[in-house]
>>> print(open('final31.tsv').read())   # TSV, C-alpha atoms
chain	number	residue	atom	x	y	z
H	228	MET	CA	-118.83	46.22	-255.84
H	229	ARG	CA	-115.14	47.25	-255.87
H	230	PRO	CA	-113.24	47.49	-252.58
H	231	LEU	CA	-112.64	51.05	-251.35
H	232	LEU	CA	-109.08	52.29	-251.46
H	233	VAL	CA	-107.98	53.45	-248.07
H	234	GLY	CA	-105.30	56.11	-248.04
H	235	ARG	CA	-104.37	59.18	-246.12
H	236	LEU	CA	-105.76	62.46	-247.28
H	237	PRO	CA	-103.13	65.13	-247.84
H	238	GLU	CA	-102.55	67.28	-244.77
H	239	PHE	CA	-101.71	70.38	-246.78
H	240	SER	CA	-101.74	71.91	-250.21
H	241	GLU	CA	-98.72	73.68	-251.70
H	242	LEU	CA	-98.62	76.97	-253.56
H	243	ASP	CA	-95.77	78.89	-255.15
H	244	VAL	CA	-96.23	82.58	-254.35
H	245	ARG	CA	-94.17	85.65	-255.28
H	246	VAL	CA	-93.19	87.99	-252.43
H	247	THR	CA	-94.15	91.63	-253.08
H	248	GLN	CA	-91.88	94.63	-252.57
H	249	GLY	CA	-93.80	95.21	-249.32
H	250	ALA	CA	-92.55	91.81	-248.03
H	251	THR	CA	-96.04	90.29	-248.18
H	252	ILE	CA	-97.64	87.29	-249.84
H	253	ARG	CA	-101.29	86.69	-250.74
H	254	VAL	CA	-102.60	83.22	-249.90
H	255	LYS	CA	-106.27	82.19	-250.25
H	256	GLY	CA	-107.38	85.85	-250.34
H	257	ASN	CA	-105.43	86.94	-247.24
H	258	VAL	CA	-102.17	88.87	-246.88
H	259	TYR	CA	-99.27	87.67	-244.70
H	260	SER	CA	-95.89	89.28	-244.12
H	261	VAL	CA	-92.65	87.38	-244.60
H	262	PRO	CA	-89.03	88.33	-243.80
H	263	SER	CA	-88.05	91.32	-245.94
H	264	ARG	CA	-84.96	89.55	-247.35
H	265	LEU	CA	-87.40	87.49	-249.48
H	266	LYS	CA	-88.72	90.51	-251.46
H	267	GLY	CA	-89.13	89.63	-255.13
H	268	GLU	CA	-88.48	85.91	-254.54
H	269	THR	CA	-90.90	83.04	-255.10
H	270	VAL	CA	-91.62	81.04	-251.96
H	271	ARG	CA	-93.41	77.72	-251.51
H	272	VAL	CA	-96.31	77.89	-249.06
H	273	ARG	CA	-97.77	74.83	-247.40
H	274	VAL	CA	-101.40	75.60	-246.53
H	275	TYR	CA	-102.62	73.54	-243.59
H	276	GLU	CA	-106.06	73.85	-242.01
H	277	GLU	CA	-104.84	76.07	-239.15
H	278	ARG	CA	-101.40	77.32	-240.24
H	279	LEU	CA	-99.16	78.29	-243.13
H	280	GLU	CA	-95.55	77.24	-243.53
H	281	VAL	CA	-93.35	79.31	-245.82
H	282	HIS	CA	-90.29	77.67	-247.40
H	283	TYR	CA	-87.59	79.22	-249.55
H	284	ALA	CA	-84.79	77.23	-251.21
H	285	GLN	CA	-85.94	74.07	-249.39
H	286	LYS	CA	-85.49	75.86	-246.05
H	287	HIS	CA	-88.30	76.56	-243.59
H	288	GLU	CA	-88.60	80.33	-243.13
H	289	LEU	CA	-91.82	80.96	-241.25
H	290	THR	CA	-94.90	79.39	-239.67
H	291	THR	CA	-97.92	81.59	-239.07
H	292	GLU	CA	-101.52	81.09	-238.06
H	293	ARG	CA	-103.86	80.86	-241.03
H	294	LEU	CA	-106.56	83.51	-241.27
H	295	VAL	CA	-110.16	82.41	-241.73
H	296	GLY	CA	-112.11	83.83	-244.67
H	297	SER	CA	-110.63	86.31	-247.11
H	298	GLY	CA	-109.68	89.97	-247.12
H	299	GLY	CA	-107.72	89.72	-243.86
H	300	HIS	CA	-104.09	90.48	-243.15
H	301	ARG	CA	-101.41	89.47	-240.67
H	302	VAL	CA	-98.34	91.69	-240.88
H	303	HIS	CA	-95.62	91.25	-238.28
H	304	TYR	CA	-93.54	94.34	-237.54
H	305	ARG	CA	-90.29	92.35	-237.42
H	306	HIS	CA	-90.71	91.55	-241.12
H	307	VAL	CA	-91.20	95.12	-242.35
H	308	ILE	CA	-89.55	97.40	-239.78
H	309	ALA	CA	-86.20	97.72	-241.57
H	310	SER	CA	-87.78	99.16	-244.72
H	311	LEU	CA	-90.18	101.40	-242.78
H	312	VAL	CA	-87.36	102.95	-240.72
H	313	ARG	CA	-85.60	103.86	-243.98
H	314	LYS	CA	-88.81	105.53	-245.23
H	315	PRO	CA	-90.56	106.89	-242.11
H	316	GLY	CA	-92.93	109.03	-244.20
H	317	ALA	CA	-94.52	105.82	-245.46
H	318	PHE	CA	-95.76	104.91	-241.96
H	319	ALA	CA	-98.51	107.53	-242.01
H	320	ARG	CA	-100.04	105.97	-245.14
H	321	TYR	CA	-99.04	102.35	-244.51
H	322	ARG	CA	-101.92	100.09	-245.42
H	323	TYR	CA	-101.34	97.66	-242.53
H	324	ARG	CA	-100.38	100.30	-239.99
H	325	GLU	CA	-102.61	98.93	-237.22
H	326	ASP	CA	-100.69	95.63	-237.33
H	327	LEU	CA	-97.57	97.54	-236.26
H	328	PHE	CA	-98.86	98.01	-232.72
H	329	PRO	CA	-98.04	94.63	-231.15
H	330	THR	CA	-99.72	95.53	-227.84
H	331	LEU	CA	-101.85	98.28	-226.36
H	332	THR	CA	-98.77	99.70	-224.61
H	333	PHE	CA	-97.06	100.30	-227.97
H	334	ARG	CA	-100.21	102.04	-229.22
H	335	MET	CA	-100.34	104.25	-226.12
H	336	ALA	CA	-96.65	105.11	-226.58
H	337	TYR	CA	-97.29	106.13	-230.19
H	338	ASP	CA	-100.29	108.24	-229.15
H	339	ALA	CA	-98.16	109.98	-226.49
H	340	LEU	CA	-95.45	110.72	-229.08
H	341	ALA	CA	-98.03	111.98	-231.61
H	342	ALA	CA	-99.54	114.33	-229.01
H	343	LYS	CA	-96.18	116.01	-228.23
H	344	LEU	CA	-94.14	115.82	-231.45
H	345	PRO	CA	-94.73	116.74	-235.10
H	346	GLU	CA	-96.15	113.86	-237.16
H	347	ARG	CA	-92.96	112.96	-239.03
H	348	ARG	CA	-90.84	113.04	-235.87
H	349	SER	CA	-93.35	110.99	-233.83
H	350	ASP	CA	-93.54	108.39	-236.61
H	351	LEU	CA	-89.76	108.13	-236.78
H	352	GLU	CA	-89.42	107.83	-232.98
H	353	TYR	CA	-92.05	105.10	-232.87
H	354	LEU	CA	-90.50	103.17	-235.76
H	355	ARG	CA	-87.11	103.31	-234.05
H	356	ILE	CA	-88.70	101.98	-230.84
H	357	LEU	CA	-90.22	99.13	-232.87
H	358	LYS	CA	-86.79	98.44	-234.39
H	359	LEU	CA	-85.35	98.30	-230.86
H	360	ALA	CA	-88.06	95.77	-229.95
H	361	ALA	CA	-87.15	93.71	-233.02
H	362	GLU	CA	-83.44	93.77	-232.12
H	363	THR	CA	-83.89	93.03	-228.41
H	364	MET	CA	-86.83	91.61	-226.49
H	365	GLU	CA	-90.30	92.98	-227.22
H	366	CYS	CA	-91.40	92.37	-223.63
H	367	GLU	CA	-88.49	94.43	-222.24
H	368	VAL	CA	-89.30	97.33	-224.56
H	369	GLU	CA	-92.97	97.07	-223.61
H	370	ASP	CA	-92.06	97.18	-219.90
H	371	ALA	CA	-89.86	100.23	-220.50
H	372	LEU	CA	-92.65	102.02	-222.40
H	373	SER	CA	-95.14	101.15	-219.68
H	374	SER	CA	-92.79	102.52	-217.02
H	375	LEU	CA	-92.26	105.77	-218.93
H	376	LEU	CA	-95.99	106.23	-219.52
H	377	GLU	CA	-96.79	105.60	-215.84
H	378	ARG	CA	-94.27	108.27	-214.82
H	379	LYS	CA	-95.80	110.67	-217.41
H	380	LYS	CA	-92.52	110.82	-219.37
H	381	LEU	CA	-92.40	111.00	-223.13
H	382	PRO	CA	-91.46	107.51	-224.41
H	383	THR	CA	-88.72	108.52	-226.83
H	384	LEU	CA	-86.16	106.10	-228.22
H	385	GLU	CA	-83.42	107.42	-225.94
H	386	ALA	CA	-85.58	107.15	-222.81
H	387	THR	CA	-86.63	103.64	-223.78
H	388	LYS	CA	-83.06	102.59	-224.58
H	389	ALA	CA	-81.85	103.89	-221.23
H	390	ILE	CA	-84.16	101.42	-219.51
H	391	VAL	CA	-83.77	98.49	-221.90
H	392	ARG	CA	-80.03	98.86	-222.47
H	393	PRO	CA	-78.61	100.76	-219.52
H	394	GLU	CA	-75.14	102.14	-220.04
H	395	PRO	CA	-72.54	99.62	-218.93
H	396	PRO	CA	-70.61	100.67	-215.85
H	397	ALA	CA	-67.37	102.48	-216.54
H	398	ILE	CA	-64.31	100.30	-216.20
H	399	PRO	CA	-62.00	101.89	-213.67
H	400	GLU	CA	-58.46	102.72	-214.69
H	401	ILE	CA	-56.06	100.50	-212.78
H	402	SER	CA	-52.38	101.22	-212.91
H	403	PRO	CA	-50.21	98.15	-212.62
H	404	SER	CA	-48.40	97.92	-209.32
H	405	PRO	CA	-44.64	97.43	-209.52
H	406	VAL	CA	-43.48	93.88	-208.96
H	407	ASP	CA	-40.66	93.33	-206.45
H	408	LEU	CA	-38.84	90.24	-207.69
H	409	GLY	CA	-36.67	90.27	-204.55
H	410	VAL	CA	-39.59	88.69	-202.63
H	411	TYR	CA	-39.54	85.70	-204.99
H	412	ASP	CA	-35.77	85.39	-204.74
H	413	ALA	CA	-35.97	85.36	-200.91
H	414	LEU	CA	-38.74	82.73	-201.02
H	415	LEU	CA	-36.76	80.59	-203.46
H	416	GLY	CA	-33.69	80.97	-201.25
H	417	ARG	CA	-35.58	79.67	-198.19
H	418	VAL	CA	-36.94	76.71	-200.13
H	419	LEU	CA	-33.46	75.78	-201.32
H	420	GLU	CA	-32.05	76.03	-197.74
H	421	GLU	CA	-34.79	73.70	-196.43
H	422	VAL	CA	-34.16	71.15	-199.17
H	423	SER	CA	-30.42	71.02	-198.64
>>> encode(input="final31.tsv", output="structure tokens")
Amino acid sequence: MRPLLVGRLPEFSELDVRVTQGATIRVKGNVYSVPSRLKGETVRVRVYEERLEVHYAQKHELTTERLVGSGGHRVHYRHVIASLVRKPGAFARYRYREDLFPTLTFRMAYDALAAKLPERRSDLEYLRILKLAAETMECEVEDALSSLLERKKLPTLEATKAIVRPEPPAIPEISPSPVDLGVYDALLGRVLEEVS
């Protein structure tokens, strides 16, 4: 009988995948979003048992949890928000729309906007709020939305921004006071008298 060869099993498999115009990739029957700057490019995906690592030009771009089974999707709003804000009409028919509500508070804010504003306007307001969350801290935007909803105020972009990014205090106008150089001359004169 021959001796068994003992070696490490590979930890991952690698795939080369093309990024769609929707900034998504399909890996093992599931859809994942990637940063939108990679649209049309081919990325290398390392498929581990519990995660995926996306690399482009030998640089690590993204690590995401791997979905179990097939037919699932994981779309992160930070990856697609820039293109959706430019085409707000696409939000109503966006295939992965439910993934664009990171928490229940964001969903409640969208529902409040949809109840008070026309569809196109409510979609645009919500997408701009999501863009604000992508540019700042999601938790701060969520707190602002929660505060507005508790006070029964419409969570518009401007109302949310006012809480997340309050206006900086106005810098007061200060006029320079005139300098009396005679004080320095008198001081220098006293110092010279003490030295001599």
>>> residues_around(input="final31.tsv", residues="Asp243 of chain H", least_positions_apart="5", cutoff="9 Å", atoms="only C-alpha atoms", output="PyMOL selection string")
chain H and resi 269-273
>>> residues_around(input="final31.tsv", residues="Ala339 of chain H", least_positions_apart="3", cutoff="12 Å", atoms="only C-alpha atoms", output="VMD selection string")
chain H and resid 332 to 336 342 to 346 349 to 350 352 to 353 372 to 373 375 to 377 379 to 383
>>> residues_near_point(input="final31.tsv", point="(-90.6, 83.9, -244.0)", cutoff="12 Å", atoms="only C-alpha atoms", output="number ranges by chain")
H: 244-246, 250-252, 259-266, 268-272, 279-284, 286-291, 302-303, 305-307
>>> closest_residue(input="final31.tsv", among="H:Leu354, H:Arg301, H:Pro399, H:Gly296", to="Lys314 of chain H", atoms="all atoms listed in the file")
H:Leu354
>>> residues_around(input="final31.tsv", residues="Tyr304 of chain H", least_positions_apart="6", cutoff="8 Å", atoms="all atoms listed in the file", output="list in words")
Asp326, Leu327, Pro329, Leu357 and Ala361 of chain H
>>> closest_residue(input="final31.tsv", among="H:Tyr411, H:Ala319, H:Val312, H:Arg324", to="Lys358 of chain H", atoms="only C-alpha atoms")
H:Val312
>>> closest_residue(input="final31.tsv", among="H:Leu351, H:Glu385, H:Pro393, H:Glu421", to="Ala317 of chain H", atoms="all atoms listed in the file")
H:Leu351
>>> closest_residue(input="final31.tsv", among="H:Val410, H:Pro405, H:Tyr337, H:Val422", to="Leu384 of chain H", atoms="only C-alpha atoms")
H:Tyr337
>>> atom_distance(input="final31.tsv", atom1="atom CA of Phe328 of chain H", atom2="atom CA of Ala341 of chain H")
14.0 Å
>>> atom_distance(input="final31.tsv", atom1="atom CA of Phe239 of chain H", atom2="atom CA of Ser297 of chain H")
18.3 Å
>>> closest_residue(input="final31.tsv", among="H:Glu367, H:Arg229, H:Gly249, H:Phe318", to="Arg348 of chain H", atoms="all atoms listed in the file")
H:Phe318
>>> closest_residue(input="final31.tsv", among="H:Thr330, H:Glu277, H:Arg313, H:Val254", to="His300 of chain H", atoms="all atoms listed in the file")
H:Val254
>>> residues_near_point(input="final31.tsv", point="(-82.9, 101.0, -227.3)", cutoff="8 Å", atoms="only C-alpha atoms", output="PyMOL selection string")
chain H and resi 356+359-360+368+384-385+387-392
>>> atom_distance(input="final31.tsv", atom1="atom CA of Gly256 of chain H", atom2="atom CA of Val274 of chain H")
12.5 Å
>>> build_atoms(input="final31.tsv", residues="segment 356-389 of chain H", atoms="N, CA and C atoms", output="PDB file, in the frame of the given file")
ATOM      1  N   ILE H 356     -88.378 102.795-232.033  1.00  0.00           N
ATOM      2  CA  ILE H 356     -88.700 101.980-230.840  1.00  0.00           C
ATOM      3  C   ILE H 356     -89.081 100.568-231.274  1.00  0.00           C
ATOM      4  N   LEU H 357     -89.863 100.458-232.346  1.00  0.00           N
ATOM      5  CA  LEU H 357     -90.220  99.130-232.870  1.00  0.00           C
ATOM      6  C   LEU H 357     -88.972  98.376-233.326  1.00  0.00           C
ATOM      7  N   LYS H 358     -88.047  99.078-233.943  1.00  0.00           N
ATOM      8  CA  LYS H 358     -86.790  98.440-234.390  1.00  0.00           C
ATOM      9  C   LYS H 358     -86.002  97.945-233.165  1.00  0.00           C
ATOM     10  N   LEU H 359     -86.006  98.737-232.097  1.00  0.00           N
ATOM     11  CA  LEU H 359     -85.350  98.300-230.860  1.00  0.00           C
ATOM     12  C   LEU H 359     -86.018  97.035-230.330  1.00  0.00           C
ATOM     13  N   ALA H 360     -87.339  96.973-230.390  1.00  0.00           N
ATOM     14  CA  ALA H 360     -88.060  95.770-229.950  1.00  0.00           C
ATOM     15  C   ALA H 360     -87.706  94.575-230.807  1.00  0.00           C
ATOM     16  N   ALA H 361     -87.514  94.802-232.112  1.00  0.00           N
ATOM     17  CA  ALA H 361     -87.150  93.710-233.020  1.00  0.00           C
ATOM     18  C   ALA H 361     -85.731  93.225-232.757  1.00  0.00           C
ATOM     19  N   GLU H 362     -84.849  94.121-232.343  1.00  0.00           N
ATOM     20  CA  GLU H 362     -83.440  93.770-232.120  1.00  0.00           C
ATOM     21  C   GLU H 362     -83.197  93.200-230.733  1.00  0.00           C
ATOM     22  N   THR H 363     -84.068  93.521-229.783  1.00  0.00           N
ATOM     23  CA  THR H 363     -83.890  93.030-228.410  1.00  0.00           C
ATOM     24  C   THR H 363     -85.073  92.143-228.068  1.00  0.00           C
ATOM     25  N   MET H 364     -85.652  92.370-226.922  1.00  0.00           N
ATOM     26  CA  MET H 364     -86.830  91.610-226.490  1.00  0.00           C
ATOM     27  C   MET H 364     -88.030  92.543-226.475  1.00  0.00           C
ATOM     28  N   GLU H 365     -89.086  92.152-227.160  1.00  0.00           N
ATOM     29  CA  GLU H 365     -90.300  92.980-227.220  1.00  0.00           C
ATOM     30  C   GLU H 365     -90.856  93.234-225.824  1.00  0.00           C
ATOM     31  N   CYS H 366     -90.836  92.215-224.970  1.00  0.00           N
ATOM     32  CA  CYS H 366     -91.400  92.370-223.630  1.00  0.00           C
ATOM     33  C   CYS H 366     -90.614  93.387-222.798  1.00  0.00           C
ATOM     34  N   GLU H 367     -89.291  93.447-222.975  1.00  0.00           N
ATOM     35  CA  GLU H 367     -88.490  94.430-222.240  1.00  0.00           C
ATOM     36  C   GLU H 367     -88.797  95.841-222.718  1.00  0.00           C
ATOM     37  N   VAL H 368     -88.956  96.014-224.021  1.00  0.00           N
ATOM     38  CA  VAL H 368     -89.300  97.330-224.560  1.00  0.00           C
ATOM     39  C   VAL H 368     -90.696  97.729-224.088  1.00  0.00           C
ATOM     40  N   GLU H 369     -91.616  96.775-224.086  1.00  0.00           N
ATOM     41  CA  GLU H 369     -92.970  97.070-223.610  1.00  0.00           C
ATOM     42  C   GLU H 369     -92.954  97.493-222.148  1.00  0.00           C
ATOM     43  N   ASP H 370     -92.176  96.804-221.310  1.00  0.00           N
ATOM     44  CA  ASP H 370     -92.060  97.180-219.900  1.00  0.00           C
ATOM     45  C   ASP H 370     -91.477  98.580-219.749  1.00  0.00           C
ATOM     46  N   ALA H 371     -90.474  98.899-220.557  1.00  0.00           N
ATOM     47  CA  ALA H 371     -89.860 100.230-220.500  1.00  0.00           C
ATOM     48  C   ALA H 371     -90.878 101.302-220.896  1.00  0.00           C
ATOM     49  N   LEU H 372     -91.623 101.062-221.963  1.00  0.00           N
ATOM     50  CA  LEU H 372     -92.650 102.020-222.400  1.00  0.00           C
ATOM     51  C   LEU H 372     -93.710 102.200-221.328  1.00  0.00           C
ATOM     52  N   SER H 373     -94.132 101.101-220.743  1.00  0.00           N
ATOM     53  CA  SER H 373     -95.140 101.150-219.680  1.00  0.00           C
ATOM     54  C   SER H 373     -94.643 101.978-218.500  1.00  0.00           C
ATOM     55  N   SER H 374     -93.390 101.773-218.127  1.00  0.00           N
ATOM     56  CA  SER H 374     -92.790 102.520-217.020  1.00  0.00           C
ATOM     57  C   SER H 374     -92.742 104.017-217.332  1.00  0.00           C
ATOM     58  N   LEU H 375     -92.332 104.360-218.543  1.00  0.00           N
ATOM     59  CA  LEU H 375     -92.260 105.770-218.930  1.00  0.00           C
ATOM     60  C   LEU H 375     -93.651 106.408-218.952  1.00  0.00           C
ATOM     61  N   LEU H 376     -94.626 105.692-219.470  1.00  0.00           N
ATOM     62  CA  LEU H 376     -95.990 106.230-219.520  1.00  0.00           C
ATOM     63  C   LEU H 376     -96.572 106.418-218.119  1.00  0.00           C
ATOM     64  N   GLU H 377     -96.301 105.479-217.213  1.00  0.00           N
ATOM     65  CA  GLU H 377     -96.790 105.600-215.840  1.00  0.00           C
ATOM     66  C   GLU H 377     -96.195 106.821-215.144  1.00  0.00           C
ATOM     67  N   ARG H 378     -94.944 107.116-215.442  1.00  0.00           N
ATOM     68  CA  ARG H 378     -94.270 108.270-214.820  1.00  0.00           C
ATOM     69  C   ARG H 378     -94.526 109.562-215.594  1.00  0.00           C
ATOM     70  N   LYS H 379     -95.419 109.507-216.591  1.00  0.00           N
ATOM     71  CA  LYS H 379     -95.800 110.670-217.410  1.00  0.00           C
ATOM     72  C   LYS H 379     -94.602 111.260-218.155  1.00  0.00           C
ATOM     73  N   LYS H 380     -93.672 110.385-218.566  1.00  0.00           N
ATOM     74  CA  LYS H 380     -92.520 110.820-219.370  1.00  0.00           C
ATOM     75  C   LYS H 380     -92.757 110.443-220.813  1.00  0.00           C
ATOM     76  N   LEU H 381     -92.240 111.258-221.715  1.00  0.00           N
ATOM     77  CA  LEU H 381     -92.400 111.000-223.130  1.00  0.00           C
ATOM     78  C   LEU H 381     -91.566 109.765-223.516  1.00  0.00           C
ATOM     79  N   PRO H 382     -92.192 108.748-224.104  1.00  0.00           N
ATOM     80  CA  PRO H 382     -91.460 107.510-224.410  1.00  0.00           C
ATOM     81  C   PRO H 382     -90.659 107.612-225.709  1.00  0.00           C
ATOM     82  N   THR H 383     -89.587 108.386-225.664  1.00  0.00           N
ATOM     83  CA  THR H 383     -88.720 108.520-226.830  1.00  0.00           C
ATOM     84  C   THR H 383     -87.788 107.308-226.928  1.00  0.00           C
ATOM     85  N   LEU H 384     -87.097 107.203-228.036  1.00  0.00           N
ATOM     86  CA  LEU H 384     -86.160 106.100-228.220  1.00  0.00           C
ATOM     87  C   LEU H 384     -85.065 106.134-227.155  1.00  0.00           C
ATOM     88  N   GLU H 385     -84.518 107.316-226.915  1.00  0.00           N
ATOM     89  CA  GLU H 385     -83.420 107.420-225.940  1.00  0.00           C
ATOM     90  C   GLU H 385     -83.876 107.038-224.542  1.00  0.00           C
ATOM     91  N   ALA H 386     -85.063 107.496-224.142  1.00  0.00           N
ATOM     92  CA  ALA H 386     -85.580 107.150-222.810  1.00  0.00           C
ATOM     93  C   ALA H 386     -85.841 105.660-222.706  1.00  0.00           C
ATOM     94  N   THR H 387     -86.350 105.074-223.767  1.00  0.00           N
ATOM     95  CA  THR H 387     -86.630 103.640-223.780  1.00  0.00           C
ATOM     96  C   THR H 387     -85.332 102.838-223.743  1.00  0.00           C
ATOM     97  N   LYS H 388     -84.360 103.279-224.547  1.00  0.00           N
ATOM     98  CA  LYS H 388     -83.060 102.590-224.580  1.00  0.00           C
ATOM     99  C   LYS H 388     -82.369 102.635-223.225  1.00  0.00           C
ATOM    100  N   ALA H 389     -82.502 103.756-222.541  1.00  0.00           N
ATOM    101  CA  ALA H 389     -81.850 103.890-221.230  1.00  0.00           C
ATOM    102  C   ALA H 389     -82.357 102.853-220.243  1.00  0.00           C
TER     103      ALA H 389
END
